[in-house]
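Shown next: model06.pdb, containing PDB, C-alpha atoms.
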ATOM      1  CA  MET A  12      50.305 169.825 118.970
ATOM      2  CA  LYS A  13      50.716 166.135 118.096
ATOM      3  CA  LYS A  14      53.129 166.982 115.252
ATOM      4  CA  LEU A  15      55.208 169.125 117.612
ATOM      5  CA  THR A  16      55.366 166.255 120.111
ATOM      6  CA  VAL A  17      56.467 163.848 117.365
ATOM      7  CA  LEU A  18      59.129 166.302 116.154
ATOM      8  CA  LEU A  19      60.461 166.823 119.669
ATOM      9  CA  THR A  20      60.524 163.062 120.189
ATOM     10  CA  VAL A  21      62.445 162.511 116.943
ATOM     11  CA  PHE A  22      65.008 165.190 117.838
ATOM     12  CA  SER A  23      65.392 163.677 121.301
ATOM     13  CA  ILE A  24      65.919 160.256 119.768
ATOM     14  CA  ILE A  25      68.579 161.558 117.414
ATOM     15  CA  PHE A  26      70.366 163.156 120.358
ATOM     16  CA  LEU A  27      70.183 159.944 122.408
ATOM     17  CA  LEU A  28      71.356 157.817 119.491
ATOM     18  CA  CYS A  29      74.694 159.577 119.560
ATOM     19  CA  SER A  30      75.610 157.178 122.373
ATOM     20  CA  CYS A  31      75.265 154.284 119.889
ATOM     21  CA  SER A  32      78.229 154.299 117.528
ATOM     22  CA  GLY A  33      77.918 154.458 113.749
ATOM     23  CA  LYS A  34      78.077 156.662 110.689
ATOM     24  CA  ALA A  35      75.710 159.557 109.972
ATOM     25  CA  ASP A  36      73.461 157.493 107.673
ATOM     26  CA  ALA A  37      73.289 154.715 110.233
ATOM     27  CA  GLU A  38      72.422 157.209 112.976
ATOM     28  CA  LYS A  39      69.575 158.587 110.880
ATOM     29  CA  ALA A  40      68.396 155.059 110.121
ATOM     30  CA  LYS A  41      68.344 154.226 113.852
ATOM     31  CA  ALA A  42      66.167 157.243 114.589
ATOM     32  CA  ASP A  43      63.937 156.309 111.666
ATOM     33  CA  ILE A  44      63.620 152.704 112.859
ATOM     34  CA  LEU A  45      62.360 153.791 116.263
ATOM     35  CA  SER A  46      60.035 156.356 114.725
ATOM     36  CA  PHE A  47      58.595 153.926 112.152
ATOM     37  CA  CYS A  48      58.162 151.214 114.806
ATOM     38  CA  ASN A  49      56.281 153.684 116.976
ATOM     39  CA  VAL A  50      54.018 154.573 114.041
ATOM     40  CA  GLN A  51      53.130 150.866 113.777
ATOM     41  CA  ARG A  52      52.488 150.706 117.519
ATOM     42  CA  GLN A  53      50.288 153.795 117.313
ATOM     43  CA  LYS A  54      48.223 152.068 114.602
ATOM     44  CA  GLU A  55      47.695 149.213 117.068
ATOM     45  CA  GLY A  56      46.684 151.639 119.822
ATOM     46  CA  ILE A  57      49.669 150.822 122.052
ATOM     47  CA  GLY A  58      52.246 153.046 123.713
ATOM     48  CA  GLU A  59      55.489 154.109 122.128
ATOM     49  CA  LEU A  60      58.817 152.440 122.714
ATOM     50  CA  THR A  61      61.407 154.628 124.386
ATOM     51  CA  LEU A  62      65.058 154.393 123.533
ATOM     52  CA  ASP A  63      67.198 153.003 126.352
ATOM     53  CA  GLY A  64      70.964 153.647 126.430
ATOM     54  CA  GLU A  65      71.788 150.375 128.171
ATOM     55  CA  LEU A  66      69.750 148.443 125.602
ATOM     56  CA  CYS A  67      71.514 150.383 122.851
ATOM     57  CA  GLU A  68      74.859 149.187 124.202
ATOM     58  CA  ALA A  69      73.628 145.585 124.341
ATOM     59  CA  ALA A  70      72.286 145.893 120.786
ATOM     60  CA  GLN A  71      75.713 147.145 119.691
ATOM     61  CA  VAL A  72      77.341 144.019 121.123
ATOM     62  CA  ARG A  73      74.803 141.859 119.288
ATOM     63  CA  ALA A  74      75.265 143.796 116.005
ATOM     64  CA  ARG A  75      78.995 143.028 116.109
ATOM     65  CA  GLU A  76      78.272 139.401 116.949
ATOM     66  CA  ILE A  77      75.839 138.813 114.082
ATOM     67  CA  SER A  78      78.395 140.193 111.618
ATOM     68  CA  MET A  79      80.656 137.203 112.344
ATOM     69  CA  PRO A  80      80.567 134.279 109.906
ATOM     70  CA  GLU A  81      77.573 132.004 110.509
ATOM     71  CA  SER A  82      76.417 134.128 113.471
ATOM     72  CA  PHE A  83      73.385 135.859 111.944
ATOM     73  CA  LYS A  84      70.976 134.215 114.366
ATOM     74  CA  HIS A  85      69.430 134.634 117.797
ATOM     75  CA  ILE A  86      72.235 132.624 119.382
ATOM     76  CA  ARG A  87      75.441 134.290 120.520
ATOM     77  CA  PRO A  88      78.802 133.084 119.159
ATOM     78  CA  ASP A  89      79.510 131.310 122.473
ATOM     79  CA  GLY A  90      76.292 129.279 122.049
ATOM     80  CA  SER A  91      74.270 131.121 124.700
ATOM     81  CA  GLY A  92      70.899 132.714 123.997
ATOM     82  CA  CYS A  93      70.754 136.215 122.597
ATOM     83  CA  PHE A  94      69.266 137.686 125.772
ATOM     84  CA  THR A  95      72.335 136.835 127.851
ATOM     85  CA  VAL A  96      73.668 140.133 126.490
ATOM     86  CA  LEU A  97      71.140 141.955 128.708
ATOM     87  CA  LYS A  98      72.483 143.011 132.094
ATOM     88  CA  MET A  99      69.233 144.456 133.436
ATOM     89  CA  ASN A 100      66.009 143.304 134.999
ATOM     90  CA  TYR A 101      63.151 142.620 132.603
ATOM     91  CA  THR A 102      60.080 140.430 132.443
ATOM     92  CA  LYS A 103      60.052 139.887 128.681
ATOM     93  CA  ALA A 104      62.569 140.475 125.889
ATOM     94  CA  GLY A 105      62.616 140.381 122.103
ATOM     95  CA  GLU A 106      65.195 140.739 119.362
ATOM     96  CA  ASN A 107      64.886 141.707 115.689
ATOM     97  CA  LEU A 108      67.825 141.289 113.309
ATOM     98  CA  ALA A 109      68.371 142.715 109.847
ATOM     99  CA  LYS A 110      71.122 142.985 107.300
ATOM    100  CA  GLY A 111      71.247 145.718 104.679
ATOM    101  CA  LYS A 112      71.798 149.351 103.909
ATOM    102  CA  PRO A 113      71.069 152.076 106.458
ATOM    103  CA  ASP A 114      67.441 152.674 105.466
ATOM    104  CA  GLY A 115      65.104 152.686 108.454
ATOM    105  CA  GLN A 116      61.938 152.458 106.381
ATOM    106  CA  GLU A 117      63.197 149.419 104.457
ATOM    107  CA  ILE A 118      64.235 147.663 107.651
ATOM    108  CA  VAL A 119      60.930 148.258 109.430
ATOM    109  CA  ASP A 120      58.950 147.305 106.307
ATOM    110  CA  ALA A 121      60.844 143.998 106.162
ATOM    111  CA  TRP A 122      60.194 143.369 109.852
ATOM    112  CA  MET A 123      56.503 144.189 109.479
ATOM    113  CA  ASN A 124      56.319 141.629 106.648
ATOM    114  CA  SER A 125      57.622 138.935 109.003
ATOM    115  CA  GLU A 126      55.146 137.597 111.557
ATOM    116  CA  GLU A 127      57.721 137.076 114.333
ATOM    117  CA  HIS A 128      59.375 140.471 113.852
ATOM    118  CA  ARG A 129      55.995 142.211 113.657
ATOM    119  CA  LYS A 130      55.008 140.577 116.965
ATOM    120  CA  ASN A 131      57.999 142.213 118.670
ATOM    121  CA  ILE A 132      57.251 145.629 117.194
ATOM    122  CA  THR A 133      53.585 145.513 118.189
ATOM    123  CA  ASP A 134      53.897 143.808 121.581
ATOM    124  CA  ALA A 135      52.337 146.145 124.152
ATOM    125  CA  GLN A 136      54.433 144.528 126.916
ATOM    126  CA  PHE A 137      57.585 145.966 125.377
ATOM    127  CA  THR A 138      58.189 149.535 126.545
ATOM    128  CA  ARG A 139      61.908 150.125 125.929
ATOM    129  CA  ALA A 140      64.168 149.427 122.988
ATOM    130  CA  GLY A 141      67.794 149.576 121.961
ATOM    131  CA  ILE A 142      68.927 149.896 118.359
ATOM    132  CA  ALA A 143      72.399 149.466 116.918
ATOM    133  CA  SER A 144      74.195 148.724 113.704
ATOM    134  CA  PHE A 145      77.615 147.451 112.809
ATOM    135  CA  GLU A 146      79.211 147.980 109.414
ATOM    136  CA  LYS A 147      81.517 145.298 108.051
ATOM    137  CA  ASN A 148      82.834 145.272 104.489
ATOM    138  CA  GLY A 149      80.131 147.711 103.394
ATOM    139  CA  GLU A 150      77.306 145.570 104.825
ATOM    140  CA  TYR A 151      75.253 146.851 107.758
ATOM    141  CA  TYR A 152      74.045 144.491 110.491
ATOM    142  CA  TRP A 153      71.083 145.744 112.533
ATOM    143  CA  VAL A 154      69.749 144.747 115.946
ATOM    144  CA  MET A 155      66.723 146.019 117.807
ATOM    145  CA  LEU A 156      66.287 144.712 121.348
ATOM    146  CA  TYR A 157      63.014 145.100 123.256
ATOM    147  CA  VAL A 158      62.233 144.722 126.938
ATOM    148  CA  GLY A 159      59.191 145.076 129.099
TER     149      GLY A 159
END
This structure in C-alpha coordinates:
Amino acid sequence: MKKLTVLLTVFSIIFLLCSCSGKADAEKAKADILSFCNVQRQKEGIGELTLDGELCEAAQVRAREISMPESFKHIRPDGSGCFTVLKMNYTKAGENLAKGKPDGQEIVDAWMNSEEHRKNITDAQFTRAGIASFEKNGEYYWVMLYVG
(Lines of atoms letter the chains of each structure in order from A and count residues from 1; the text may use other names and numbers.)
(Lines give C-alpha, C1' and ligand atoms only; values in the text may rest on other atoms or scores of the structure.)
Protein backbone atom coordinates (compact mmCIF):
# COMPACT_ATOMS: atom_id res chain seq x y z
CA MET A 1 0.00 0.00 0.00
CA LYS A 2 2.86 2.38 0.86
CA LYS A 3 4.51 1.77 -2.54
CA LEU A 4 1.22 2.52 -4.30
CA THR A 5 0.89 5.77 -2.35
CA VAL A 6 4.46 6.76 -3.27
CA LEU A 7 3.83 5.94 -6.95
CA LEU A 8 0.62 7.95 -7.00
CA THR A 9 2.42 10.84 -5.32
CA VAL A 10 5.24 10.75 -7.87
CA PHE A 11 2.79 10.71 -10.80
CA SER A 12 0.87 13.59 -9.24
CA ILE A 13 4.10 15.53 -8.83
CA ILE A 14 5.07 14.98 -12.44
CA PHE A 15 1.65 16.22 -13.52
CA LEU A 16 1.91 19.32 -11.30
CA LEU A 17 5.44 20.06 -12.47
CA CYS A 18 4.15 20.69 -15.96
CA SER A 19 3.25 24.18 -14.72
CA CYS A 20 6.98 24.84 -14.14
CA SER A 21 8.70 25.33 -17.48
CA GLY A 22 11.67 23.28 -18.65
CA LYS A 23 12.82 20.40 -20.80
CA ALA A 24 11.83 16.76 -20.27
CA ASP A 25 15.03 15.89 -18.38
CA ALA A 26 14.62 18.92 -16.16
CA GLU A 27 10.98 18.01 -15.47
CA LYS A 28 12.02 14.51 -14.42
CA ALA A 29 14.79 15.96 -12.25
CA LYS A 30 12.28 18.27 -10.51
CA ALA A 31 10.03 15.33 -9.67
CA ASP A 32 13.06 13.39 -8.48
CA ILE A 33 14.25 16.28 -6.30
CA LEU A 34 10.94 16.44 -4.46
CA SER A 35 10.80 12.66 -4.13
CA PHE A 36 14.39 12.36 -2.85
CA CYS A 37 13.88 15.25 -0.41
CA ASN A 38 10.78 13.53 0.93
CA VAL A 39 12.75 10.30 1.39
CA GLN A 40 15.21 12.26 3.56
CA ARG A 41 12.33 13.78 5.52
CA GLN A 42 10.80 10.34 6.02
CA LYS A 43 14.12 9.14 7.47
CA GLU A 44 13.85 11.99 9.98
CA GLY A 45 10.26 11.05 10.83
CA ILE A 46 8.77 14.29 9.47
CA GLY A 47 5.97 14.93 7.01
CA GLU A 48 6.43 15.22 3.28
CA LEU A 49 6.75 18.47 1.40
CA THR A 50 3.96 19.15 -1.06
CA LEU A 51 4.58 20.90 -4.33
CA ASP A 52 3.00 24.36 -4.52
CA GLY A 53 2.34 26.00 -7.91
CA GLU A 54 2.82 29.54 -6.62
CA LEU A 55 6.15 28.57 -5.05
CA CYS A 56 7.12 26.89 -8.32
CA GLU A 57 6.54 30.18 -10.13
CA ALA A 58 8.63 32.07 -7.57
CA ALA A 59 11.38 29.46 -7.86
CA GLN A 60 11.33 29.94 -11.64
CA VAL A 61 11.93 33.67 -11.20
CA ARG A 62 14.82 32.93 -8.85
CA ALA A 63 16.30 30.29 -11.22
CA ARG A 64 16.45 32.91 -13.99
CA GLU A 65 17.96 35.43 -11.59
CA ILE A 66 20.75 33.16 -10.35
CA SER A 67 21.77 32.44 -13.95
CA MET A 68 22.82 36.09 -14.34
CA PRO A 69 26.52 36.93 -13.95
CA GLU A 70 27.55 37.16 -10.29
CA SER A 71 23.98 36.44 -9.13
CA PHE A 72 24.36 32.87 -7.86
CA LYS A 73 23.52 33.84 -4.29
CA HIS A 74 20.60 34.31 -1.92
CA ILE A 75 20.35 37.98 -2.87
CA ARG A 76 18.26 39.11 -5.82
CA PRO A 77 19.88 41.14 -8.63
CA ASP A 78 18.21 44.31 -7.29
CA GLY A 79 19.94 43.77 -3.91
CA SER A 80 16.84 42.63 -2.02
CA GLY A 81 16.66 39.36 -0.11
CA CYS A 82 15.73 36.19 -1.94
CA PHE A 83 12.39 35.85 -0.15
CA THR A 84 11.04 39.09 -1.62
CA VAL A 85 10.11 36.89 -4.58
CA LEU A 86 7.40 35.29 -2.41
CA LYS A 87 3.97 36.88 -2.75
CA MET A 88 2.23 34.73 -0.14
CA ASN A 89 1.84 34.50 3.60
CA TYR A 90 4.34 32.30 5.40
CA THR A 91 5.94 32.07 8.81
CA LYS A 92 9.29 30.66 7.70
CA ALA A 93 11.04 30.31 4.34
CA GLY A 94 14.14 28.63 2.97
CA GLU A 95 15.99 28.50 -0.33
CA ASN A 96 18.39 25.93 -1.80
CA LEU A 97 20.38 26.71 -4.95
CA ALA A 98 22.30 24.39 -7.25
CA LYS A 99 24.03 24.51 -10.58
CA GLY A 100 24.52 21.45 -12.76
CA LYS A 101 22.96 18.87 -15.00
CA PRO A 102 19.34 17.77 -14.59
CA ASP A 103 20.00 14.91 -12.16
CA GLY A 104 17.72 15.03 -9.13
CA GLN A 105 19.71 12.49 -7.14
CA GLU A 106 22.98 14.38 -7.64
CA ILE A 107 21.38 17.67 -6.62
CA VAL A 108 19.79 16.29 -3.46
CA ASP A 109 22.98 14.40 -2.54
CA ALA A 110 24.94 17.66 -2.82
CA TRP A 111 22.38 19.48 -0.68
CA MET A 112 22.41 16.72 1.93
CA ASN A 113 26.21 17.07 2.12
CA SER A 114 25.83 20.76 2.99
CA GLU A 115 24.71 21.53 6.54
CA GLU A 116 22.63 24.60 5.60
CA HIS A 117 20.92 22.92 2.65
CA ARG A 118 20.25 19.78 4.69
CA LYS A 119 18.60 21.93 7.38
CA ASN A 120 16.09 23.22 4.83
CA ILE A 121 15.31 19.75 3.51
CA THR A 122 14.79 18.30 6.99
CA ASP A 123 13.05 21.25 8.66
CA ALA A 124 9.69 19.98 9.93
CA GLN A 125 8.30 23.54 9.85
CA PHE A 126 8.50 23.54 6.06
CA THR A 127 5.42 21.94 4.51
CA ARG A 128 5.35 23.27 0.93
CA ALA A 129 8.00 23.61 -1.73
CA GLY A 130 8.53 25.00 -5.20
CA ILE A 131 11.17 23.71 -7.58
CA ALA A 132 12.38 25.22 -10.83
CA SER A 133 15.30 25.21 -13.19
CA PHE A 134 16.58 27.54 -15.85
CA GLU A 135 18.90 26.45 -18.64
CA LYS A 136 21.45 28.93 -19.95
CA ASN A 137 24.26 27.99 -22.34
CA GLY A 138 23.86 24.31 -21.48
CA GLU A 139 24.13 24.92 -17.71
CA TYR A 140 21.14 24.29 -15.46
CA TYR A 141 20.40 26.56 -12.49
CA TRP A 142 18.19 25.03 -9.79
CA VAL A 143 16.11 26.60 -7.03
CA MET A 144 14.03 24.94 -4.34
CA LEU A 145 11.98 27.27 -2.16
CA TYR A 146 10.40 26.11 1.11
CA VAL A 147 7.71 27.67 3.25
CA GLY A 148 5.94 26.79 6.43
- Selection dump of the PyMOL selection byres ((chain A and resi 109) around 9), as a ChimeraX atom specification: /A:83,107-108,110-111,118,121-122,151-155
- Counting all atoms listed in the file, the option among A:Ala74, A:Ala135, A:Ala104, A:Ala35 closest to Arg52 in chain A: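 Distance minimum relative to Arg52 in chain A lands on A:Ala135.
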- Can you list, as a PyMOL selection string, every protein, DNA or RNA residue that comes within 8 Å of range 68-73 of chain A when you count all atoms listed in the file, leaving out same-chain residues fewer than 5 positions away? chain A and resi 31-32+87+93+96-97+141-145+154-156
- Can you work out which one of A:Pro80, A:Lys112, A:Asp120, A:Arg139 has the shortest atom-to-atom distance to Asp36 in chain A, counting all atoms listed in the file? A:Lys112
- Message: Using all atoms listed in the file for the distances, tell me which of A:Ile132, A:Ile44, A:Ile86, A:Ala37 is nearest to Gly115 in chain A.
- Response: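 Residue with the minimum atom-to-atom distance to Gly115 in chain A: A:Ile44.
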- Task: Measuring atom to atom with only C-alpha atoms, identify which of A:Glu146, A:Arg75, A:Lys39, A:Glu59 is nearest to Thr133 in chain A.
- Result: A:Glu59
- Query: By how many Å are CA of Glu38 in chain A and CA of Arg129 in chain A apart?
  - Reply: 22.3 Å
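Distance-wise, CA of Asp114 in chain A and CA of Glu150 in chain A end up 12.2 Å apart.
Closest approach to Met79 in chain A among A:His128, A:Thr61, A:Asn148, A:Gln51: A:Asn148, based on all atoms listed in the file.
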- Distance in Å - CA of Tyr157 in chain A versus CA of Leu66 in chain A: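 Here the two named atoms are 7.9 Å from each other.
Each of A:Ala140, A:Val119, A:Val158, A:Met99 was compared to Cys67 in chain A using all atoms listed in the file, and A:Ala140 turns out to be the nearest.
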Taking all atoms of range 55-67 of chain A that appear in the file, build a box with edges along x, y and z, extend it by 4 Å on every side, and state its centre and edge lengths in Å to one decimal, as JSON.
{"center_x": 59.2, "center_y": 151.5, "center_z": 122.6, "size_x": 33.1, "size_y": 14.2, "size_z": 19.1}
